[in-house]
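Below: one structure, written as structure tokens.
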Amino acid sequence: MRISRWLADRWVMIVALLVLGYLALPILVVAGLSFNRPSSRLSYDFNEFTLDNWRQPCATSDMCDAVVRSVQIGFIATVVATVLGTLMAFALVRHRFRGRSGINVLIFLPMATPELVMGTSLLALFVSAGVPQGFWTIVIAHVMFCVSFVVVTVKARLAGMDRRLEEAAMDLYANEWQTFRRITLPLVLPGIVAAALLAFSLSFDDFIITNFNAGTTVTFPMYVWGAAQRGIPPQVNVIGTAMFAIALLLVGLSSLRGRQARRANLLAGPAQARPARRTS
């Protein structure tokens, strides 16, 4: 009876842990294979523990060049998509204009369109315009589908923000720029950062759209796809594990900073509510 009662009280948590474990299983396999010395290039079983893969992550120079190129493309696409998507989100949430509902529908089209269709469409556009495929065509393609995710993420943050905070700042004689810098931007910044991280991960991980518009440029996903035919080097697992660890660290630091800010606000509340002691 005690066991059944314990399971009945905690079955939601148990199911959630099982689902999270299932999702984390491929990541754990990749992390384990990053310490593996395979018996052959086409073997993916765990043969021997080694740290050589982490000591020499750039043993294959072509792979490191592809990683650097993917990081460059992801950074440029993230900056452009974040700026454009944030401005579009503010316009769609804060202003009423003709065609607003139609633009909201168009925002979701890149998210709903299959990547195969988007990749071939962009390829036809670049070929008809006479634009040579390469680094910048990949950047343009990545910006196109990353903007939608940025707009949706920032819109959700703006929709949940209390406009009365900005109105209170304006009542206290703050101008538009001061209100935006000290009230609006700090409140929206977590959504912007989340949108930027999402855009970078999507850009770094994309293969289908990139493959159609890359020309002779090779990114990290394209390198992995090409290397799979002749044996993926174990350093690929090192790159994947490092990228996941960096993303996990950024999320952890952001969560810790938010928790510290909430704790500071809770401690500051009673101190501000306490009446000042009279001095004689």
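Here's how to read the names in the structure tokens: chain A, B, ... by the order shown, residue numbers from 1 in each chain, ligand numbers from 1 in the order shown.
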| said: List as JSON, numbers by chain the protein and nucleic acid residues near segment 126-130 of chain A, meaning an atom at most 10 Å away when only C-alpha atoms are counted, but skip any in the same chain fewer than 6 places from it. | reply: {"A": [120, 137, 213]}
| request: Can you list, as an MDAnalysis selection string, all residues belonging to segment 34-233 of chain A that DSSP tags as helix (DSSP H, G or I)? | output: chainID A and resid 52:55 61:94 100:112 115:129 135:159 163:171 176:205 208:213 220:227
| task | Give me, please, the distance in Å between atom CA of Gln133 of chain A and atom CA of Gly215 of chain A, quoted to one decimal. | result | 4.7 Å
Find the residues of segment 193-263 of chain A that sit at most 12 Å from segment 22-46 of chain A; for each, write down the nearest two atoms and how far apart they are in Å, to one decimal. Count only C-alpha atoms. Sort by chain, then by number going up, and give it as JSON lines.
```
{"residue": "A:Ala227", "atom": "CA", "partner": "A:Arg41", "partner_atom": "CA", "distance": 10.1}
{"residue": "A:Ala228", "atom": "CA", "partner": "A:Leu42", "partner_atom": "CA", "distance": 8.4}
{"residue": "A:Gln229", "atom": "CA", "partner": "A:Leu42", "partner_atom": "CA", "distance": 8.8}
{"residue": "A:Arg230", "atom": "CA", "partner": "A:Leu42", "partner_atom": "CA", "distance": 7.1}
{"residue": "A:Gly231", "atom": "CA", "partner": "A:Arg41", "partner_atom": "CA", "distance": 4.7}
{"residue": "A:Ile232", "atom": "CA", "partner": "A:Arg41", "partner_atom": "CA", "distance": 6.7}
{"residue": "A:Pro233", "atom": "CA", "partner": "A:Arg41", "partner_atom": "CA", "distance": 6.9}
{"residue": "A:Pro234", "atom": "CA", "partner": "A:Ser34", "partner_atom": "CA", "distance": 6.0}
{"residue": "A:Gln235", "atom": "CA", "partner": "A:Ser34", "partner_atom": "CA", "distance": 6.7}
{"residue": "A:Val236", "atom": "CA", "partner": "A:Ser34", "partner_atom": "CA", "distance": 7.7}
{"residue": "A:Asn237", "atom": "CA", "partner": "A:Ser34", "partner_atom": "CA", "distance": 4.8}
{"residue": "A:Val238", "atom": "CA", "partner": "A:Ser34", "partner_atom": "CA", "distance": 5.0}
{"residue": "A:Ile239", "atom": "CA", "partner": "A:Ser34", "partner_atom": "CA", "distance": 8.6}
{"residue": "A:Gly240", "atom": "CA", "partner": "A:Val30", "partner_atom": "CA", "distance": 7.3}
{"residue": "A:Thr241", "atom": "CA", "partner": "A:Ala31", "partner_atom": "CA", "distance": 5.4}
{"residue": "A:Ala242", "atom": "CA", "partner": "A:Ala31", "partner_atom": "CA", "distance": 8.8}
{"residue": "A:Met243", "atom": "CA", "partner": "A:Ala31", "partner_atom": "CA", "distance": 10.9}
{"residue": "A:Phe244", "atom": "CA", "partner": "A:Ile27", "partner_atom": "CA", "distance": 8.3}
{"residue": "A:Ala245", "atom": "CA", "partner": "A:Ala31", "partner_atom": "CA", "distance": 9.9}
```
| said: Can you tell me which residues surround Thr153 of chain A at a distance of at most 8 Å, considering only C-alpha atoms, apart from same-chain residues fewer than 6 positions away, and format the answer as an MDAnalysis selection string? | reply: chainID A and resid 191:192 194:195
